[in-house]
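Listing of my_file.cif, mmCIF, C-alpha atoms
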data_entry
#
loop_
_atom_site.label_atom_id
_atom_site.label_comp_id
_atom_site.auth_asym_id
_atom_site.auth_seq_id
_atom_site.Cartn_x
_atom_site.Cartn_y
_atom_site.Cartn_z
CA MET A 1 0.00 0.00 0.00
CA ASN A 2 1.24 3.43 -0.83
CA PRO A 3 1.31 5.46 2.37
CA ASN A 4 1.44 8.67 0.36
CA ALA A 5 -2.06 8.34 -1.03
CA CYS A 6 -4.26 11.19 0.00
CA PRO A 7 -7.04 10.30 2.45
CA SER A 8 -9.58 12.39 0.62
CA ALA A 9 -8.72 10.62 -2.63
CA GLU A 10 -9.10 7.28 -0.91
CA VAL A 11 -12.61 8.18 0.17
CA LEU A 12 -13.49 9.20 -3.36
CA ALA A 13 -11.94 6.02 -4.78
CA GLY A 14 -13.93 4.00 -2.27
CA ALA A 15 -17.13 5.69 -3.31
CA ILE A 16 -16.31 4.93 -6.94
CA ALA A 17 -15.59 1.30 -6.05
CA LEU A 18 -18.94 0.97 -4.33
CA GLY A 19 -20.81 2.73 -7.10
CA GLU A 20 -21.86 5.45 -4.71
CA ALA A 21 -19.89 8.30 -6.26
CA THR A 22 -21.80 11.10 -7.87
CA ASP A 23 -20.69 12.68 -11.11
CA ALA A 24 -19.28 15.56 -9.14
CA GLN A 25 -17.26 13.23 -6.96
CA ARG A 26 -15.94 11.39 -10.01
CA GLU A 27 -14.90 14.66 -11.58
CA SER A 28 -13.26 15.68 -8.34
CA TYR A 29 -11.34 12.41 -8.27
CA ARG A 30 -10.14 12.85 -11.83
CA LEU A 31 -9.00 16.36 -11.06
CA HIS A 32 -7.10 15.11 -8.01
CA LEU A 33 -5.36 12.38 -9.96
CA SER A 34 -4.30 14.86 -12.59
CA GLY A 35 -2.28 16.73 -10.02
CA CYS A 36 -1.17 13.88 -7.69
CA GLU A 37 1.28 11.36 -9.11
CA ALA A 38 1.33 9.33 -5.89
CA CYS A 39 -2.43 8.78 -5.97
CA VAL A 40 -2.23 7.78 -9.61
CA ARG A 41 0.29 5.08 -8.77
CA ALA A 42 -1.44 4.03 -5.58
CA LEU A 43 -5.11 4.17 -6.49
CA GLY A 44 -5.28 4.02 -10.24
CA GLY A 45 -8.00 5.29 -12.46
CA GLU A 46 -11.72 4.72 -12.24
CA ARG A 47 -11.65 1.86 -14.77
CA GLY A 48 -9.04 -0.04 -12.81
CA ILE A 49 -11.05 0.29 -9.61
CA GLU A 50 -14.23 -0.85 -11.31
CA ARG A 51 -12.50 -3.87 -12.92
CA THR A 52 -11.25 -5.00 -9.53
CA MET A 53 -14.72 -4.71 -8.06
CA ALA A 54 -16.21 -6.55 -11.05
CA THR A 55 -13.80 -9.43 -10.41
CA PHE A 56 -14.90 -9.45 -6.81
CA ARG A 57 -18.57 -9.59 -7.73
CA ASP A 58 -17.96 -12.29 -10.34
CA ALA A 59 -16.30 -14.48 -7.75
CA ARG A 60 -19.27 -13.95 -5.44
CA ASP A 61 -21.81 -14.74 -8.14
CA GLY A 62 -19.93 -17.95 -9.04
CA GLU A 63 -20.32 -19.46 -5.61
CA THR A 64 -22.46 -22.58 -5.38
CA TRP A 65 -21.96 -23.60 -1.78
CA SER A 66 -25.36 -23.79 -0.07
CA PRO A 67 -25.11 -25.25 3.40
CA GLU A 68 -28.23 -26.33 5.26
CA LEU A 69 -28.09 -25.35 8.91
CA THR A 70 -31.73 -25.39 9.95
CA ARG A 71 -31.67 -28.79 11.60
CA SER A 72 -28.42 -28.36 13.47
CA ILE A 73 -29.36 -24.91 14.72
CA ARG A 74 -32.77 -26.16 15.81
CA ASP A 75 -31.06 -28.92 17.77
CA ARG A 76 -28.75 -26.47 19.43
CA MET A 77 -31.60 -24.13 20.25
CA ASN A 78 -33.54 -26.97 21.79
CA PRO A 79 -30.99 -29.19 23.52
CA ARG A 80 -33.73 -30.82 25.61
CA GLY A 81 -35.48 -32.00 22.47
CA ARG A 82 -32.22 -33.29 21.13
CA ALA A 83 -31.51 -35.02 24.43
CA ILE A 84 -34.96 -36.56 24.36
CA ARG A 85 -34.40 -37.77 20.81
CA TRP A 86 -31.00 -39.14 21.76
CA GLY A 87 -32.45 -40.74 24.86
CA ALA A 88 -35.32 -42.26 22.93
CA GLY A 89 -32.92 -43.55 20.35
CA ALA A 90 -30.62 -45.01 22.97
CA LEU A 91 -33.57 -46.58 24.79
CA ALA A 92 -34.85 -48.11 21.57
CA ALA A 93 -31.39 -49.45 20.84
CA CYS A 94 -31.15 -50.96 24.33
CA VAL A 95 -34.58 -52.57 24.01
CA ALA A 96 -33.68 -53.97 20.61
CA LEU A 97 -30.39 -55.28 21.95
CA SER A 98 -32.09 -56.86 24.96
CA LEU A 99 -34.66 -58.52 22.73
CA ALA A 100 -31.95 -59.81 20.45
CA ILE A 101 -29.99 -61.22 23.38
CA HIS A 102 -33.14 -62.75 24.84
CA VAL A 103 -34.15 -64.34 21.54
CA ALA A 104 -30.64 -65.61 20.96
CA ALA A 105 -30.39 -67.02 24.47
CA VAL A 106 -33.79 -68.69 24.42
CA GLY A 107 -33.27 -69.98 20.93
CA GLY A 108 -29.85 -71.27 21.83
CA ILE A 109 -31.12 -73.05 24.94
CA ALA A 110 -34.04 -74.55 23.08
CA ARG A 111 -31.78 -75.71 20.29
CA TYR A 112 -29.36 -77.15 22.81
CA ALA A 113 -32.16 -78.89 24.67
CA ALA A 114 -33.56 -80.29 21.43
CA THR A 115 -30.24 -81.68 20.28
CA SER A 116 -28.71 -82.70 23.57
CA THR A 117 -27.79 -86.32 23.96
CA LEU A 118 -27.35 -86.16 27.68
CA PRO A 119 -30.41 -87.75 29.22
CA VAL A 120 -29.36 -86.96 32.76
CA ASP A 121 -30.05 -83.28 32.15
CA ARG A 122 -33.42 -83.98 30.77
CA PHE A 123 -34.88 -86.63 32.98
CA SER A 124 -36.19 -85.32 36.19
CA ARG A 125 -36.26 -88.71 37.74
CA VAL A 126 -35.05 -92.10 36.64
CA GLU A 127 -35.95 -94.93 38.92
CA HIS A 128 -35.09 -98.56 39.00
CA VAL A 129 -38.12 -100.38 40.29
CA SER A 130 -39.20 -103.90 40.66
CA LEU A 131 -42.54 -104.88 39.39
CA ASP A 132 -42.89 -107.27 42.22
CA SER A 133 -42.92 -104.56 44.79
CA ALA A 134 -43.77 -101.69 42.51
CA GLN A 135 -41.45 -99.61 44.64
CA PRO A 136 -38.41 -97.69 43.49
CA VAL A 137 -35.29 -99.49 44.57
CA GLN A 138 -32.57 -97.28 43.19
CA ALA A 139 -32.29 -93.78 41.95
CA ILE A 140 -30.20 -93.78 38.80
CA ALA A 141 -30.00 -90.10 38.28
CA ALA A 142 -31.80 -86.94 39.11
CA ALA A 143 -31.41 -83.54 37.67
CA PRO A 144 -33.59 -80.52 36.94
CA ALA A 145 -34.87 -80.35 33.43
CA ARG A 146 -37.04 -78.19 31.28
CA ARG A 147 -38.82 -81.25 29.88
CA ARG A 148 -39.87 -84.04 32.16
CA LEU A 149 -39.58 -87.61 30.96
CA VAL A 150 -39.52 -90.24 33.64
CA VAL A 151 -37.93 -93.54 32.80
CA VAL A 152 -38.74 -96.38 35.16
CA HIS A 153 -36.46 -99.33 34.97
CA ASN A 154 -38.57 -102.38 35.49
CA VAL A 155 -37.30 -105.84 36.07
CA VAL A 156 -39.88 -108.00 34.46
CA THR A 157 -40.27 -111.68 34.10
CA LEU A 158 -41.85 -112.51 30.87
CA ALA A 159 -43.89 -115.63 30.54
CA GLN A 160 -41.88 -117.66 28.12
CA PRO A 161 -42.74 -121.19 27.07
CA GLN A 162 -40.60 -123.75 28.72
CA ARG A 163 -37.92 -125.10 26.50
CA GLU A 164 -36.31 -128.37 26.71
CA ARG A 165 -32.79 -128.26 27.91
CA SER A 166 -30.20 -129.58 25.59
CA PRO A 167 -27.66 -131.85 27.22
CA LYS A 168 -24.82 -130.31 25.31
CA ALA A 169 -25.83 -126.76 25.19
CA PRO A 170 -27.83 -125.24 27.96
CA PRO A 171 -31.03 -123.62 26.85
CA VAL A 172 -31.22 -119.88 26.54
CA ALA A 173 -32.95 -118.76 29.66
CA ALA A 174 -35.46 -116.31 28.47
CA GLY A 175 -35.97 -113.45 30.79
CA SER A 176 -33.97 -114.95 33.51
CA GLY A 177 -31.99 -111.86 34.25
CA VAL A 178 -29.87 -114.04 36.44
CA THR A 179 -27.68 -116.14 34.22
CA VAL A 180 -26.75 -113.21 31.99
CA SER A 181 -26.39 -109.80 33.45
CA PRO A 182 -24.97 -106.54 32.22
CA ILE A 183 -21.53 -105.64 33.40
CA GLY A 184 -22.00 -102.74 35.74
CA GLY A 185 -25.41 -103.89 36.79
CA GLU A 186 -28.79 -102.90 35.51
CA ASP A 187 -27.84 -99.27 35.48
CA ALA A 188 -25.43 -100.01 32.67
CA ILE A 189 -28.40 -99.95 30.28
CA ASN A 190 -29.41 -96.36 30.00
CA PRO A 191 -31.88 -95.68 27.18
CA ILE A 192 -31.71 -92.24 25.62
CA PRO A 193 -34.81 -91.42 23.60
CA ALA A 194 -34.35 -89.19 20.61
CA PRO A 195 -35.67 -85.60 20.91
CA ILE A 196 -38.65 -86.50 18.79
CA ALA A 197 -39.94 -88.45 21.81
CA TYR A 198 -40.66 -85.15 23.52
CA VAL A 199 -42.41 -83.78 20.51
CA GLU A 200 -44.56 -86.87 20.17
CA ASP A 201 -45.21 -86.94 23.90
CA ALA A 202 -44.11 -90.58 23.84
CA GLN A 203 -44.96 -92.68 26.89
CA GLY A 204 -45.20 -96.34 27.62
CA THR A 205 -43.33 -99.44 28.67
CA THR A 206 -40.85 -101.23 26.50
CA ALA A 207 -39.80 -104.75 27.39
CA PHE A 208 -36.88 -106.29 25.61
CA GLU A 209 -34.74 -109.33 25.44
CA VAL A 210 -31.08 -109.38 24.49
CA PHE A 211 -29.37 -112.49 23.20
CA VAL A 212 -25.81 -112.70 24.42
CA ASP A 213 -23.16 -115.09 23.14
CA GLN A 214 -20.66 -116.99 25.25
CA ARG A 215 -18.27 -114.04 25.11
CA GLY A 216 -20.85 -111.73 26.69
CA VAL A 217 -21.39 -109.77 23.49
CA PRO A 218 -24.98 -108.88 22.69
CA ILE A 219 -26.06 -110.37 19.39
CA LYS A 220 -29.67 -109.45 19.04
CA CYS A 221 -32.27 -107.35 20.78
CA THR A 222 -35.91 -108.20 20.60
CA ILE A 223 -38.79 -106.06 21.78
CA THR A 224 -41.07 -108.36 23.70
CA LYS A 225 -43.50 -105.63 24.64
CA THR A 226 -43.71 -102.47 22.65
CA SER A 227 -44.48 -99.07 24.05
CA SER A 228 -46.21 -98.22 20.79
CA TYR A 229 -43.50 -95.67 20.17
CA GLU A 230 -40.70 -96.68 17.89
CA VAL A 231 -38.50 -93.98 19.32
CA LEU A 232 -38.72 -95.48 22.80
CA ASP A 233 -38.31 -99.06 21.65
CA SER A 234 -35.30 -98.28 19.51
CA ALA A 235 -33.72 -96.31 22.36
CA VAL A 236 -34.07 -99.27 24.67
CA CYS A 237 -32.60 -101.74 22.21
CA LYS A 238 -29.81 -99.38 21.32
CA ALA A 239 -28.89 -99.08 24.99
CA ALA A 240 -29.18 -102.80 25.49
CA MET A 241 -26.93 -103.54 22.54
CA ALA A 242 -24.37 -101.03 23.74
CA ALA A 243 -23.92 -102.73 27.06
CA HIS A 244 -21.56 -105.61 27.87
CA TYR A 245 -22.72 -108.70 29.65
CA THR A 246 -21.36 -111.35 31.87
CA PRO A 247 -22.04 -114.62 30.05
CA ARG A 248 -23.85 -117.45 31.57
CA THR A 249 -21.43 -120.01 32.94
CA ILE A 250 -21.80 -123.55 34.02
CA GLY A 251 -18.79 -124.60 35.88
CA SER A 252 -15.98 -122.87 34.13
CA ARG A 253 -17.63 -122.95 30.71
CA ALA A 254 -19.49 -120.02 29.26
CA PHE A 255 -22.67 -120.35 27.34
CA PRO A 256 -24.89 -118.01 25.39
CA GLY A 257 -27.85 -116.58 27.20
CA THR A 258 -30.44 -113.85 27.24
CA TYR A 259 -31.14 -110.86 29.34
CA SER A 260 -34.62 -109.44 29.74
CA ASP A 261 -35.66 -106.16 31.18
CA ALA A 262 -38.14 -103.33 30.70
CA PHE A 263 -38.29 -99.57 30.88
CA THR A 264 -41.33 -97.38 31.42
CA PHE A 265 -41.28 -93.85 30.05
CA ARG A 266 -43.54 -91.19 31.48
CA GLN A 267 -43.71 -87.50 30.56
CA MET B 1 -48.35 -21.08 35.96
CA GLU B 2 -48.67 -17.87 33.99
CA GLN B 3 -44.94 -17.34 34.16
CA VAL B 4 -44.31 -20.80 32.80
CA TYR B 5 -46.63 -20.17 29.89
CA LEU B 6 -45.00 -16.83 29.28
CA VAL B 7 -41.52 -18.33 29.21
CA ALA B 8 -42.65 -21.20 27.04
CA GLY B 9 -44.35 -18.83 24.65
CA THR B 10 -41.28 -16.64 24.55
CA MET B 11 -38.98 -19.52 23.83
CA ALA B 12 -41.24 -20.81 21.09
CA GLY B 13 -41.54 -17.36 19.59
CA ALA B 14 -37.80 -16.77 19.69
CA GLN B 15 -37.14 -20.12 18.11
CA ALA B 16 -39.64 -19.47 15.35
CA ARG B 17 -38.12 -16.08 14.57
CA VAL B 18 -34.62 -17.49 14.50
CA GLU B 19 -35.70 -20.30 12.21
CA THR B 20 -37.11 -17.70 9.86
CA LEU B 21 -33.81 -15.86 9.92
CA VAL B 22 -31.93 -19.11 9.35
CA ARG B 23 -33.97 -19.97 6.28
CA GLU B 24 -33.44 -16.52 4.81
CA TYR B 25 -29.82 -15.85 5.67
CA GLN B 26 -28.04 -19.14 6.23
CA VAL B 27 -26.54 -19.44 2.75
CA LYS B 28 -25.65 -15.80 2.34
CA LEU B 29 -24.19 -15.57 5.80
CA ALA B 30 -22.22 -18.80 5.54
CA ARG B 31 -20.71 -17.74 2.21
CA TYR B 32 -19.87 -14.36 3.64
CA VAL B 33 -18.10 -15.88 6.63
CA ARG B 34 -16.31 -18.38 4.44
CA ARG B 35 -14.85 -15.55 2.39
CA MET B 36 -13.86 -13.81 5.57
CA VAL B 37 -12.10 -16.75 7.20
CA GLY B 38 -11.26 -18.88 4.15
CA ASP B 39 -12.47 -22.11 5.68
CA ALA B 40 -15.85 -23.72 5.10
CA ASP B 41 -15.99 -25.70 8.34
CA VAL B 42 -15.06 -22.71 10.42
CA ALA B 43 -17.61 -20.67 8.49
CA LEU B 44 -20.34 -23.14 9.41
CA ASP B 45 -19.38 -22.99 13.05
CA ILE B 46 -19.33 -19.22 13.11
CA THR B 47 -22.62 -19.00 11.22
CA GLN B 48 -24.32 -21.32 13.66
CA ASP B 49 -22.97 -19.32 16.53
CA VAL B 50 -24.43 -16.19 14.97
CA PHE B 51 -27.91 -17.67 14.84
CA LEU B 52 -27.60 -19.03 18.35
CA SER B 53 -26.54 -15.62 19.52
CA ALA B 54 -29.66 -14.25 17.89
CA TYR B 55 -31.70 -16.85 19.71
CA ARG B 56 -30.22 -15.93 23.06
CA THR B 57 -30.79 -12.25 22.34
CA LEU B 58 -34.43 -12.87 21.52
CA GLN B 59 -34.85 -14.96 24.64
CA LYS B 60 -33.75 -12.01 26.72
CA ASP B 61 -35.70 -9.43 24.75
CA PRO B 62 -38.40 -10.98 22.56
CA THR B 63 -39.49 -7.61 21.21
CA ARG B 64 -36.07 -6.67 19.90
CA PRO B 65 -36.01 -6.41 16.11
CA LEU B 66 -33.22 -8.44 14.59
CA THR B 67 -32.30 -7.66 11.03
CA GLY B 68 -29.92 -9.09 8.51
CA GLY B 69 -27.55 -6.29 9.40
CA TRP B 70 -27.42 -7.50 12.97
CA LEU B 71 -26.55 -10.96 11.72
CA TYR B 72 -23.80 -9.67 9.43
CA LYS B 73 -22.40 -7.52 12.18
CA THR B 74 -22.27 -10.46 14.56
CA ALA B 75 -20.78 -12.66 11.85
CA THR B 76 -18.16 -10.03 11.10
CA ASN B 77 -17.17 -9.77 14.73
CA GLY B 78 -16.98 -13.56 14.98
CA SER B 79 -14.88 -13.78 11.85
CA ILE B 80 -12.47 -11.08 12.95
CA SER B 81 -12.08 -12.76 16.32
CA PHE B 82 -11.31 -16.01 14.59
CA LEU B 83 -8.80 -14.34 12.27
CA ARG B 84 -7.05 -12.79 15.21
CA ARG B 85 -6.80 -16.13 16.97
CA ARG B 86 -5.65 -17.85 13.81
CA LYS B 87 -3.03 -15.19 13.24
CA ILE B 88 -1.48 -16.09 16.55
CA VAL B 89 -1.65 -19.78 15.80
CA ARG B 90 -0.22 -19.26 12.34
CA PHE B 91 2.66 -17.26 13.73
CA LEU B 92 3.45 -20.15 15.98
CA SER B 93 3.05 -22.84 13.34
CA LEU B 94 4.58 -20.93 10.41
CA ASP B 95 1.65 -22.01 8.27
CA ARG B 96 1.72 -20.13 4.98
CA ASP B 97 -0.57 -22.24 2.85
CA ARG B 98 -2.89 -20.54 0.46
CA GLU B 99 -6.38 -20.00 1.72
CA THR B 100 -8.24 -21.92 -0.96
CA ASP B 101 -9.26 -25.07 0.88
CA GLY B 102 -12.59 -23.58 1.80
CA LEU B 103 -13.71 -23.38 -1.81
CA ARG B 104 -15.60 -26.12 -3.59
CA LEU B 105 -14.03 -27.54 -6.73
CA ASP B 106 -16.62 -25.92 -8.96
CA GLU B 107 -15.88 -22.57 -7.36
CA ARG B 108 -12.13 -22.68 -7.85
CA SER B 109 -11.83 -20.35 -10.76
CA ALA B 110 -8.56 -18.45 -11.04
CA ALA B 111 -10.23 -15.23 -10.05
CA SER B 112 -11.95 -16.82 -7.09
CA ILE B 113 -8.78 -18.42 -5.81
CA ASP B 114 -6.78 -15.24 -6.26
CA LEU B 115 -9.46 -13.28 -4.56
CA GLN B 116 -9.56 -15.65 -1.62
CA ASP B 117 -5.80 -15.59 -1.38
CA ALA B 118 -5.78 -11.83 -1.41
CA MET B 119 -8.59 -11.68 1.12
CA SER B 120 -6.56 -13.71 3.56
CA HIS B 121 -3.97 -10.94 3.67
CA LEU B 122 -6.39 -8.09 4.31
CA PRO B 123 -6.69 -6.57 7.77
CA GLY B 124 -9.98 -7.37 9.44
CA ASP B 125 -11.41 -3.86 9.18
CA GLN B 126 -10.74 -3.67 5.44
CA ALA B 127 -12.02 -7.19 4.79
CA SER B 128 -15.23 -6.53 6.69
CA ALA B 129 -15.74 -3.20 4.92
CA ILE B 130 -15.41 -4.57 1.42
CA MET B 131 -17.32 -7.74 2.26
CA LEU B 132 -20.25 -5.93 3.81
CA THR B 133 -20.51 -3.54 0.92
CA THR B 134 -19.45 -5.31 -2.25
CA TYR B 135 -20.26 -8.86 -1.17
CA ALA B 136 -23.29 -8.50 1.10
CA GLY B 137 -24.63 -5.50 -0.79
CA TYR B 138 -24.89 -2.97 2.01
CA SER B 139 -24.19 0.68 1.41
CA SER B 140 -21.26 2.38 3.04
CA GLN B 141 -23.70 4.10 5.39
CA GLU B 142 -25.27 0.78 6.46
CA ALA B 143 -21.89 -0.89 6.78
CA ALA B 144 -20.68 2.02 8.85
CA ALA B 145 -23.58 1.52 11.23
CA MET B 146 -22.73 -2.15 11.58
CA LEU B 147 -19.06 -1.49 12.12
CA GLY B 148 -19.57 1.45 14.43
CA THR B 149 -17.88 4.03 12.26
CA ILE B 150 -18.74 6.64 9.62
CA ALA B 151 -19.44 6.12 5.92
CA ASP B 152 -16.26 7.85 4.78
CA ALA B 153 -14.19 5.51 6.91
CA VAL B 154 -15.86 2.57 5.25
CA ARG B 155 -15.15 4.03 1.81
CA GLN B 156 -11.53 4.58 2.72
CA ARG B 157 -11.24 0.97 3.92
CA VAL B 158 -12.87 -0.26 0.75
CA CYS B 159 -10.41 1.76 -1.28
CA ARG B 160 -7.44 0.31 0.54
CA ALA B 161 -8.87 -3.18 0.32
CA THR B 162 -9.38 -2.74 -3.41
CA ARG B 163 -5.78 -1.65 -3.86
CA ALA B 164 -4.53 -4.63 -1.90
CA LEU B 165 -6.72 -7.05 -3.83
CA ARG B 166 -5.66 -5.61 -7.17
CA ALA B 167 -2.02 -5.79 -6.21
CA ALA B 168 -2.33 -9.38 -4.99
CA MET B 169 -4.21 -10.57 -8.06
CA THR B 170 -1.81 -8.76 -10.39
CA GLU B 171 1.17 -10.36 -8.70
CA ASP B 172 -0.39 -13.81 -8.87
CA GLY B 173 -1.53 -13.32 -12.41
#
Could you rewrite the structure in this file as structure tokens?
Amino acid sequence: MNPNACPSAEVLAGAIALGEATDAQRESYRLHLSGCEACVRALGGERGIERTMATFRDARDGETWSPELTRSIRDRMNPRGRAIRWGAGALAACVALSLAIHVAAVGGIARYAATSTLPVDRFSRVEHVSLDSAQPVQAIAAAPARRRLVVVHNVVTLAQPQRERSPKAPPVAAGSGVTVSPIGGEDAINPIPAPIAYVEDAQGTTAFEVFVDQRGVPIKCTITKTSSYEVLDSAVCKAAMAAHYTPRTIGSRAFPGTYSDAFTFRQ
Amino acid sequence: MEQVYLVAGTMAGAQARVETLVREYQVKLARYVRRMVGDADVALDITQDVFLSAYRTLQKDPTRPLTGGWLYKTATNGSISFLRRRKIVRFLSLDRDRETDGLRLDERSAASIDLQDAMSHLPGDQASAIMLTTYAGYSSQEAAAMLGTIADAVRQRVCRATRALRAAMTEDG
């Protein structure tokens, strides 16, 4: 900036720049410039001033930036409303999250319960009873469960036709439960019904007979009394075939035999 | 109970008036501040502060007439305060980058960039004088009222600003 410019000329030049100068003021400015070399160099002529201002206005007119501030200013003017909206949003998010966790947890538990193969967790009470006394004689397992399916282990004696004993090979003692017994006792046979048993509300008594060879290995399982539910019958036979047995022995010689038993399922 | 209603009515009335001002002046004021400070984000902050200041003023005195001039005056003061603070920060950080980041790509004509660059070197009083008059369209008399001075002082500042802008753009060109 030229410090030697005259203040009065600067005011006139400013008026010209703003388009506020009258004809008299313009003439006065021209007269001043004609006698003041410093102002000529510092301020320039009217055309130069007007070109600069035209550039300024062109730059202004070329602007396209149009911010939208209404929403943000409204929020700042009304912080309580914003807080309420934030709070409502946070509350809704918490509720949604809680529901999601609840659904996931319940779904996960239900899926686990439906696919679990651990009967102990699902049977509220498993008793080993004797039909003779109809009293429970041994508690196999007890545990809380969402679904209740009671399995009663019955020792039954099935009425089998008498068979003639062979002198060389002892007859298979049907339903004796004495000559052939599971290793580990009666509790060694632990039927696990498939989950569909709960869906079908399966109940009933399944009696079975397992044929055991001289090595104590079960060969065949026969359902001698069906519960009317395949799922229960198959569970019993599967458990019976999974067990190991002490073979029937006469003297020091082992012979094949059978083992008979029954289970009652109650929901 | 009457006092509560009165306060509630006042707050609602002030908010409605400010929202009217926002709708009418938000773009013009934001562009004005952006030219003053050379930064779009800062311009948005300052512009919002201007409207919030108007809201607080109306809360205290609901009958007070607020005009566009009041908004420009407040925006000018906010911009000059920011420029003063930034000048200190810039002195410390030796930041000499050109002040063109606040412009959108479609606004970056050579003249616009040169103008913004030149504007960044103007003193606050000259920048506010030329912006209020040439940019915002106020007369020197109206600008003088906003700036608390006389019309001739505004004209003199405009003249000096014009000389500085012409010199800067000529050098760059």
Once the PyMOL selection byres ((chain B and resi 71-73) around 8) has been applied to the shown file, what residues remain in the selection, as a short mmCIF file (atom, residue, chain, number, x, y, z; two decimals) with C-alpha atoms, keeping the file's coordinate frame?
data_model
loop_
_atom_site.label_atom_id
_atom_site.label_comp_id
_atom_site.auth_asym_id
_atom_site.auth_seq_id
_atom_site.Cartn_x
_atom_site.Cartn_y
_atom_site.Cartn_z
CA LEU B 29 -24.19 -15.57 5.80
CA VAL B 50 -24.43 -16.19 14.97
CA PHE B 51 -27.91 -17.67 14.84
CA ALA B 54 -29.66 -14.25 17.89
CA LEU B 66 -33.22 -8.44 14.59
CA THR B 67 -32.30 -7.66 11.03
CA GLY B 68 -29.92 -9.09 8.51
CA GLY B 69 -27.55 -6.29 9.40
CA TRP B 70 -27.42 -7.50 12.97
CA THR B 74 -22.27 -10.46 14.56
CA ALA B 75 -20.78 -12.66 11.85
CA THR B 76 -18.16 -10.03 11.10
CA ASN B 77 -17.17 -9.77 14.73
CA LEU B 132 -20.25 -5.93 3.81
CA MET B 146 -22.73 -2.15 11.58
CA LEU B 147 -19.06 -1.49 12.12
#
Kindly resolve the PyMOL selection byres ((chain A and resi 193-197) around 6) on the present coordinates and return the residues as a JSON list (two decimals) with C-alpha atoms, keeping the file's coordinate frame.
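After the write, result.json holds the following:
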[["chain", "number", "residue", "atom", "x", "y", "z"],
["A", 114, "ALA", "CA", -33.56, -80.29, 21.43],
["A", 192, "ILE", "CA", -31.71, -92.24, 25.62],
["A", 198, "TYR", "CA", -40.66, -85.15, 23.52],
["A", 199, "VAL", "CA", -42.41, -83.78, 20.51],
["A", 200, "GLU", "CA", -44.56, -86.87, 20.17],
["A", 201, "ASP", "CA", -45.21, -86.94, 23.90],
["A", 202, "ALA", "CA", -44.11, -90.58, 23.84],
["A", 232, "LEU", "CA", -38.72, -95.48, 22.80],
["A", 235, "ALA", "CA", -33.72, -96.31, 22.36]]
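Taking atom CA of A:Arg47 and atom CA of B:Gly124 as the two end points, the separation is 26.0 Å.
The interatomic distance for the pair atom CA of B:Val33 and atom CA of B:Gly78 works out to 8.7 Å.
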Fill in the blank from the handout: Atom pair atom CA of A:Pro218 + atom CA of A:Val231, distance 20.4 Å
Problem - Expected answer as an NGL selection string: all residues with atoms within 6 Å of (-32.8, -111.5, 25.2), all atoms listed in the file - result: :A and (209-211 or 258-260)
For stretch 257-264 of chain A, what centre and edge lengths in Å (one decimal) does the axis-aligned box get once 5 Å is added on each side of all its listed atoms, as JSON?
{"center_x": -34.6, "center_y": -107.0, "center_z": 29.3, "size_x": 23.5, "size_y": 29.2, "size_z": 14.2}
Practice task
For stretch 247-253 of chain A, list every protein, DNA or RNA residue within 9 Å, evaluated using only C-alpha atoms, and leave out those in the same chain fewer than 3 positions away; present the list as a VMD selection string.
Solution key: chain A and resid 170 178 to 182 212 to 217 256 to 258
